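Peer 1: Take this structure first; my questions come after.
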Amino acid sequence: MKRKNFLGLALAATALAFSVAAPAQTAYKSEYKMSLVLGPAYPWGKGGEIWANLVKERTQGRINIKLYPGVSLLQGDQTREFSAIRQGVIDLAVGSTINWSPQVKELNLFSLPFLMPDYAAMDALTQGEVGKEIFKIIDKAGVMPLAWGENGYREISNSKLAIKKPEDLKGLKIRVVGSPLFLDTFTALGANPTQMSWADAQPALATSAVDGQENPIAIYTAAKLHTMAQKYVTMWGYVADPLIFVVNKDIWASWTPADQAIVKQAAVDAGKQEIAIARKGLVEADKPLLKDIAANGVTVTQLSPSEREAFVKATRPVYDKWKNQIGANLVNTAEKSIAARKP
Ligand code: X2X
C-alpha cells in the first residue's frame with residue numbers, strides 16, 4: 001500500500017516534470033492562419049504562398065496554411081501584427097521589420113537612413129552575425145523566427161516634383177509607416193510625414209490627401225501607384241526592409257520535431273525564392289522594372305553620388321539618435337559587417 005502510493009506520487013511528479021520541460025504535443029489544427037500585409041500579386045505574398053505550398057506538400061497535408069493578406073486578421077492594423085502572433089491571434093506570418101519594430105526596437109536597425117548602400121550590405125546583415133542576433137531577440141520576445149525574406153529598397157514617390165535634393169521635400173505630405181523613426185527621418189528632411197497603414201495609404205494617395213509615399217518599386221508597380229498621382233519616383237535607396245518568416249510558439253511546440261524541421265526548411269527555401277522575386281527587374285543592368293515605370297509616363301530620377309550624399313548628411317542626426325535607441329553594439333556590428341561585405 002505504502003509502496004503503491006510512493007510509486008503513484010513518483011509517476012505524477014515525473015509527469016509534471018515532463019510536462020514542464022516538454023509540453024505534450026496537442027492535436028494539429030485543420031487550418032493555420034498566416035498573416036501578410038500583401039497578397040500573392042506581390043513578391044511578399046508570393047513568398048508566403050510558396051512557404052504554405054511547400055509545407056503542405058512536404059507534410060502530406062498534415063499542416064495546412066491559409067493566407068490572410070491585408071493583415072485582415074487585425075483589420076489592417078499592421079503595427080500590431082507582432083503582438084498578435086505572440087498572443088496566438090495569428091499562427092504564422094511573413095512580416096516586415098518595419099511593422100514589428102514598435103514591439104522589437106532592434107528591428108529599427110534596417111530603417112536607419114542610408115545604413116545599407118546596396119543588396120550586398122543587406123545580405124551581410126541578414127545572413128551574418130546581425131541576422132543571428134536579431135533571431136535571438138525575436139525568440140526572446142516570444143515568437144519563433146525561421147527565415148529571412150525581403151520587401152526591398154524603399155524609393156520615394158510623389159505627385160509634385162522630381163526630388164533631387166533634401167530641399168525638394170520641403171512641405172511635402174508623405175505617408176509613412178507607423179514607426180517613430182520614419183517621422184524623425186522625414187521631419188529632418190523638411191517634409192511633413194503622416195503615419196497611416198498601407199490600407200489607408202492607397203485611398204489617401206488616390207485622393208491626393210497625401211503627396212507622396214515610400215515603398216519598394218515592386219510594390220509601386222503592382223499597386224499601380226502611377227494611377228494614384230505618383231508621377232515622380234526618386235531612387236535614393238535610403239532604407240530597405242527585410243521580411244521574417246515566423247511561427248507562434250505554442251503552435252510550434254504542438255508540432256512533431258520532424259514537422260518543425262519541414263516547416264523551417266520550407267521557410268528557408270521560400271525566403272530564398274522570395275528574395276529573388278523581390279529583386280527581379282532591379283538587379284539586371286538595364287533595370288527593366290524602371291523602364292516599365294517610365295513607360296507609364298513617370299519621371300524616374302537617379303541620384304548622383306554627391307546628390308545622394310546631401311540626403312545622407314541631412315539625416316545623420318537621426319541616424320545617431322536612433323543608433324543609441326536601437327543599441328550601439330548591434331549597430332556597430334552592422335556597420336562592421338557592411339564594411340567587410342563581399343560584392
Ligand atoms: O505599409 C507599407 O508601406 C508596407 C506594405 O511596405 C509595409 O507593410 C512595411
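Every chain in the C-alpha cells has a letter given in the order shown (A, B, ...), and although residue numbers restart at 1 in each chain, ligands are simply numbered from 1 in the order shown.
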Residues of region 179-227 of chain A that have any atom at most 10 Å from an atom of region 98-112 of chain A: could you tabulate them with the shortest-distance atom pair and the distance in Å to one decimal, using only C-alpha atoms, ordered by chain and increasing number, as a tab-separated table?
Peer 2:
```
residue	atom	partner	partner_atom	distance
A:Ser179	CA	A:Pro102	CA	6.2
A:Pro180	CA	A:Pro102	CA	8.2
A:Leu181	CA	A:Ser111	CA	7.4
A:Phe182	CA	A:Ser111	CA	7.7
A:Thr185	CA	A:Leu112	CA	8.7
A:Ser197	CA	A:Asn99	CA	9.6
```
Peer 1: Mind running chain A against ligand 1 at 10 Å and telling me each contacting residue's nearest atom pair with the distance in Å (one decimal), counting only C-alpha atoms and all ligand atoms, chain and number ascending, as JSON lines?
Peer 2:
```
{"residue": "A:Leu36", "atom": "CA", "partner": "ligand 1", "partner_atom_place_in_ligand_line": "8 (O)", "distance": 8.4}
{"residue": "A:Val37", "atom": "CA", "partner": "ligand 1", "partner_atom_place_in_ligand_line": "8 (O)", "distance": 5.5}
{"residue": "A:Leu38", "atom": "CA", "partner": "ligand 1", "partner_atom_place_in_ligand_line": "5 (C)", "distance": 6.6}
{"residue": "A:Tyr42", "atom": "CA", "partner": "ligand 1", "partner_atom_place_in_ligand_line": "5 (C)", "distance": 9.9}
{"residue": "A:Trp44", "atom": "CA", "partner": "ligand 1", "partner_atom_place_in_ligand_line": "5 (C)", "distance": 8.9}
{"residue": "A:Gly70", "atom": "CA", "partner": "ligand 1", "partner_atom_place_in_ligand_line": "5 (C)", "distance": 8.9}
{"residue": "A:Val71", "atom": "CA", "partner": "ligand 1", "partner_atom_place_in_ligand_line": "8 (O)", "distance": 9.2}
{"residue": "A:Gly76", "atom": "CA", "partner": "ligand 1", "partner_atom_place_in_ligand_line": "8 (O)", "distance": 9.8}
{"residue": "A:Asp77", "atom": "CA", "partner": "ligand 1", "partner_atom_place_in_ligand_line": "8 (O)", "distance": 9.8}
{"residue": "A:Gln78", "atom": "CA", "partner": "ligand 1", "partner_atom_place_in_ligand_line": "8 (O)", "distance": 6.6}
{"residue": "A:Thr79", "atom": "CA", "partner": "ligand 1", "partner_atom_place_in_ligand_line": "8 (O)", "distance": 8.5}
{"residue": "A:Gly95", "atom": "CA", "partner": "ligand 1", "partner_atom_place_in_ligand_line": "8 (O)", "distance": 7.5}
{"residue": "A:Ser96", "atom": "CA", "partner": "ligand 1", "partner_atom_place_in_ligand_line": "9 (C)", "distance": 5.5}
{"residue": "A:Thr97", "atom": "CA", "partner": "ligand 1", "partner_atom_place_in_ligand_line": "9 (C)", "distance": 7.5}
{"residue": "A:Ile98", "atom": "CA", "partner": "ligand 1", "partner_atom_place_in_ligand_line": "9 (C)", "distance": 5.5}
{"residue": "A:Asn99", "atom": "CA", "partner": "ligand 1", "partner_atom_place_in_ligand_line": "9 (C)", "distance": 5.7}
{"residue": "A:Trp100", "atom": "CA", "partner": "ligand 1", "partner_atom_place_in_ligand_line": "9 (C)", "distance": 9.1}
{"residue": "A:Asn151", "atom": "CA", "partner": "ligand 1", "partner_atom_place_in_ligand_line": "6 (O)", "distance": 6.9}
{"residue": "A:Gly152", "atom": "CA", "partner": "ligand 1", "partner_atom_place_in_ligand_line": "6 (O)", "distance": 8.5}
{"residue": "A:Tyr153", "atom": "CA", "partner": "ligand 1", "partner_atom_place_in_ligand_line": "6 (O)", "distance": 9.8}
{"residue": "A:Arg154", "atom": "CA", "partner": "ligand 1", "partner_atom_place_in_ligand_line": "6 (O)", "distance": 8.0}
{"residue": "A:Arg175", "atom": "CA", "partner": "ligand 1", "partner_atom_place_in_ligand_line": "3 (O)", "distance": 8.5}
{"residue": "A:Val176", "atom": "CA", "partner": "ligand 1", "partner_atom_place_in_ligand_line": "3 (O)", "distance": 6.9}
{"residue": "A:Val177", "atom": "CA", "partner": "ligand 1", "partner_atom_place_in_ligand_line": "1 (O)", "distance": 5.5}
{"residue": "A:Gly178", "atom": "CA", "partner": "ligand 1", "partner_atom_place_in_ligand_line": "1 (O)", "distance": 8.5}
{"residue": "A:Ser179", "atom": "CA", "partner": "ligand 1", "partner_atom_place_in_ligand_line": "9 (C)", "distance": 9.8}
{"residue": "A:Gln195", "atom": "CA", "partner": "ligand 1", "partner_atom_place_in_ligand_line": "1 (O)", "distance": 9.7}
{"residue": "A:Met196", "atom": "CA", "partner": "ligand 1", "partner_atom_place_in_ligand_line": "1 (O)", "distance": 7.9}
{"residue": "A:Ser197", "atom": "CA", "partner": "ligand 1", "partner_atom_place_in_ligand_line": "1 (O)", "distance": 5.7}
{"residue": "A:Trp198", "atom": "CA", "partner": "ligand 1", "partner_atom_place_in_ligand_line": "1 (O)", "distance": 4.1}
{"residue": "A:Ala199", "atom": "CA", "partner": "ligand 1", "partner_atom_place_in_ligand_line": "1 (O)", "distance": 7.8}
{"residue": "A:Asp200", "atom": "CA", "partner": "ligand 1", "partner_atom_place_in_ligand_line": "1 (O)", "distance": 9.3}
{"residue": "A:Ala201", "atom": "CA", "partner": "ligand 1", "partner_atom_place_in_ligand_line": "1 (O)", "distance": 7.8}
{"residue": "A:Gln202", "atom": "CA", "partner": "ligand 1", "partner_atom_place_in_ligand_line": "1 (O)", "distance": 9.8}
{"residue": "A:Gln213", "atom": "CA", "partner": "ligand 1", "partner_atom_place_in_ligand_line": "3 (O)", "distance": 7.9}
{"residue": "A:Glu214", "atom": "CA", "partner": "ligand 1", "partner_atom_place_in_ligand_line": "3 (O)", "distance": 6.8}
{"residue": "A:Asn215", "atom": "CA", "partner": "ligand 1", "partner_atom_place_in_ligand_line": "6 (O)", "distance": 5.4}
{"residue": "A:Pro216", "atom": "CA", "partner": "ligand 1", "partner_atom_place_in_ligand_line": "6 (O)", "distance": 7.0}
{"residue": "A:Ile219", "atom": "CA", "partner": "ligand 1", "partner_atom_place_in_ligand_line": "5 (C)", "distance": 7.5}
{"residue": "A:Tyr220", "atom": "CA", "partner": "ligand 1", "partner_atom_place_in_ligand_line": "6 (O)", "distance": 9.7}
{"residue": "A:Ala240", "atom": "CA", "partner": "ligand 1", "partner_atom_place_in_ligand_line": "6 (O)", "distance": 9.6}
{"residue": "A:Asp241", "atom": "CA", "partner": "ligand 1", "partner_atom_place_in_ligand_line": "9 (C)", "distance": 7.2}
{"residue": "A:Pro242", "atom": "CA", "partner": "ligand 1", "partner_atom_place_in_ligand_line": "9 (C)", "distance": 9.3}
{"residue": "A:Leu243", "atom": "CA", "partner": "ligand 1", "partner_atom_place_in_ligand_line": "9 (C)", "distance": 9.1}
```
Peer 1: Considering only helix (DSSP H, G or I) as DSSP defines it on the backbone, what residues of region 208-290 of chain A qualify? List them as a PyMOL selection string.
Peer 2: chain A and resi 217-222+225-228+249-254+257-279+288-290
Peer 1: Kindly provide the residues of region 258-306 of chain A that approach region 119-122 of chain A to within 12 Å, each paired with its closest atom pair and their distance in Å to one decimal, based on only C-alpha atoms, listed by chain and increasing number, as CSV.
Peer 2:
```
residue,atom,partner,partner_atom,distance
A:Ile275,CA,A:Tyr119,CA,10.4
A:Ala276,CA,A:Tyr119,CA,11.3
A:Ala278,CA,A:Tyr119,CA,11.3
A:Arg279,CA,A:Tyr119,CA,9.0
A:Leu282,CA,A:Tyr119,CA,10.5
A:Val283,CA,A:Tyr119,CA,9.0
```
Peer 1: Sorted by chain and rising residue number, which residues of region 177-253 of chain A lie within 8 Å of region 284-307 of chain A, and what are their closest atom pairs and distances in Å to one decimal, counting only C-alpha atoms, as CSV?
Peer 2:
```
residue,atom,partner,partner_atom,distance
A:Ile217,CA,A:Leu289,CA,7.7
A:Ala218,CA,A:Leu289,CA,7.9
A:Thr221,CA,A:Ile293,CA,7.1
A:His226,CA,A:Val298,CA,7.0
A:Gln230,CA,A:Val298,CA,7.8
A:Lys231,CA,A:Val298,CA,4.7
A:Tyr232,CA,A:Thr299,CA,4.9
A:Val233,CA,A:Val300,CA,4.9
A:Thr234,CA,A:Thr301,CA,4.6
A:Met235,CA,A:Gln302,CA,5.3
A:Trp236,CA,A:Leu303,CA,6.5
```
Peer 1: Going by DSSP on the backbone, which bits of region 113-335 of chain A are strand (DSSP E)? Write them as a ChimeraX atom specification, please.
Peer 2: /A:143-158,173-176,192-195,212-216,232-235,240-248,299-302
Peer 1: Would you work out the distance separating CA of Ala314 (chain A) from CA of Tyr238 (chain A), expressed in Å to one decimal?
Peer 2: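 That distance, rounded to one decimal, is 11.9 Å.
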